[in-house]
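Down below is the structure, laid out as structure tokens.
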Amino acid sequence: MTRDKVEVRDLLAPMAEHDVDLDGAGFRVDRARVLARMAAASQPARRRWVGGATIAMVAAGVGALALGGWLWQRHAGPARPGVEVTVVAGSATQIAATNELLTAADSQARVRTAEGLQIELRSQTRVALGELERSASQVKLLDGSIRCSIPHRAAARPFQVVAAGVTVVDLGTVFTVSLDGLTHETRVTVEEGEVLVQHASGPTRVRAPQSWSSTEDARPAPIAPAAPLVTPPAPRATALVKARPPATLEQEAQLLRRGLAAERQGRSAEAAAALSQLLQRYPRSPLAPDARDALARVTAGTPR
Amino acid sequence: MRASDEKPLLDAGAGDAGGRSQADVLRAAVDGAPWALAALYDALYPFVASALQKILHKTPDYEDLVQTSFELIVRTLQRPRARPIENLAAWASAIAARVALDALRSRVRERRIFNRELEPTNVLELVAGPRLERELDARSDLLWLQRTLADMNAEQAETLVLHDVLGHDLWEVARLTDVSPAAAQKRLSRGHIDLKQRAERRDKAGRK
């Protein structure tokens, strides 16, 4: 072997000679979860571009980057380091010119900041990340649905989501904001903690497990009157919790939590049972979309 | 049907995939059949794990990268191919290697690599070890190599990893990277030169 080859071999030795550990504690893999992701990836790619402006931007080639399910992390220009974007399922598109992130149909992406803030983008969702990168304090939801998990923060400015004239201010919580790009209906569902929803007619506090919608017509009439758990809403806004007895919502949340916890721990049967129970008992629950997503993940997998 | 399609899936032959040809399993996996996805995962995981672990060693996002690799495997299978996959294991390890190299590049871009490596838990592990200095040197060599591969020409880095780290021969590397053997040889040669020049610069700078 020539001296050059020996030198190259030595330089690459830290990798080439590294022993592989298929069963070690640091290399555990949830097989069922990977299989669920593979099943999701095997779905035919269907893209729905959101809004004519986006189509024009993409057509003009202003920096759209198809990612195809690839994990990527970005740090653009003067942005703060530590904003990490992961495509969890399907594909996502970054529009560099507007600093927006879009998920395709049947896709999910996750945004994490160094402070521990986590935002999950559901399918066909579009968000602007500029402010998040500058100060970790705000994300703008332009269409679709995002779930935000916010750690207790010592920052001067609270984290907030802006969506079609509605601002959701985090008060230390886990919550979901959905925006219908066509009707501009904004819906807020709080899983843990509390948020402050600011809209045209003033602020509304929404506590777990309550929901709030900006459009009265978006929800069916209340099944039974219940004591208001939130401050009186604006004329165009509806506190959805009024339509549902709080005890029922708590049970719904418990079932969802139990299902998600079982899924995380790889107990697929238990997860499927809890999630199915939630969907059967409370098909109109505001948590039903989350339960359906989780159930689809669980049932797509084949537990070991 | 081509010859390479008729062979069993890595000779695994286990579970629901038993007796089915590689082509059958891959076709069913593309259609999302759970048994086929499970068979594919079980057959390819050792090769995906090997590529990820050799390049990244222990990493907190290991499971995410395994998921990404397998999503990419399924998605790549969906694309039309000019020729069949001759060596499924090598093909999967090449995909995982790309995922690992991409993760390295992302970390370097974010300047996370190296600054975060000597976290308190790692330092404690090293202090507890009997050969601290050697372990520190080994870690330093790995981090330098990771940073170098992330910084190198992407095609040369991929060729180096496939050939010198994962042990594929030049013909296999050429097939995996979809270039001629001559082009693969050129990339490998240039990759070696670049690697050695960077090592010389490091040594002159006192292995900083």
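In the structure tokens, the first chain shown is A, the next is B, and so on; residue numbers restart at 1 for each chain, and ligands run from 1 in the order shown.
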
Could the residues of chain A within 6 Å of chain B, counting only C-alpha atoms, be given as a list in words, please?
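Listing them in order of chain and number gives Pro14, Met15, Ala16, His18, Val20, Val29, Val34, Met38, Ala39, Ala41, Ser42, Gln73 and Pro81 of chain A.
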
Take the selection from the previous step and output its residues with C-alpha atoms, as a PDB file, in the first residue's frame.
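What landed in out.pdb:
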ATOM      1  CA  PRO A  14     -12.457   7.422  12.753  1.00  0.00           C
ATOM      2  CA  MET A  15     -15.354   6.539  10.461  1.00  0.00           C
ATOM      3  CA  ALA A  16     -14.170   3.486   8.543  1.00  0.00           C
ATOM      4  CA  HIS A  18     -15.973   2.656  13.845  1.00  0.00           C
ATOM      5  CA  VAL A  20     -21.651  -0.397  14.423  1.00  0.00           C
ATOM      6  CA  VAL A  29     -35.329   3.109  16.880  1.00  0.00           C
ATOM      7  CA  VAL A  34     -40.430   4.378  10.965  1.00  0.00           C
ATOM      8  CA  MET A  38     -42.564   4.840   5.217  1.00  0.00           C
ATOM      9  CA  ALA A  39     -46.271   4.229   4.682  1.00  0.00           C
ATOM     10  CA  ALA A  41     -44.027   8.383   2.090  1.00  0.00           C
ATOM     11  CA  SER A  42     -45.528   5.717  -0.137  1.00  0.00           C
ATOM     12  CA  GLN A  73     -31.845  22.869   8.824  1.00  0.00           C
ATOM     13  CA  PRO A  81     -28.873  30.437  14.673  1.00  0.00           C
TER      14      PRO A  81
END

What's the 9 Å shell around Trp171 (chain B), counting only C-alpha atoms, without same-chain residues fewer than 5 positions away, as number ranges by chain?
B: 176, 180-181, 184

Please, could you write that set of residues out with N, CA and C atoms as a CSV table (one decimal), in the first residue's frame?
chain,number,residue,atom,x,y,z
B,176,LEU,N,-23.8,3.6,-7.9
B,176,LEU,CA,-24.6,4.3,-6.9
B,176,LEU,C,-24.7,5.8,-7.1
B,180,SER,N,-19.9,7.4,-14.6
B,180,SER,CA,-19.0,6.3,-15.2
B,180,SER,C,-17.9,6.0,-14.2
B,181,PRO,N,-17.4,4.8,-14.3
B,181,PRO,CA,-16.3,4.4,-13.4
B,181,PRO,C,-15.1,5.4,-13.5
B,184,ALA,N,-16.1,8.4,-11.4
B,184,ALA,CA,-16.0,8.1,-10.0
B,184,ALA,C,-14.5,8.1,-9.5

Residue with the minimum atom-to-atom distance to Leu162 (chain B), picked from B:Ala36, B:Ile85, B:Leu26, B:Ala90 with only C-alpha atoms counted, is B:Ala90

Rounded to one decimal place, report the CA of Gly259 (chain A)-CA of Leu275 (chain A) distance in Å.
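Going from CA of Gly259 (chain A) over to CA of Leu275 (chain A), I get 5.4 Å.
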
Test item: residues at most 10 Å from Arg110 (chain A), only C-alpha atoms, excluding those fewer than 4 positions along its chain, as an MDAnalysis selection string:
chainID A and resid 84:89 118:122 146:148
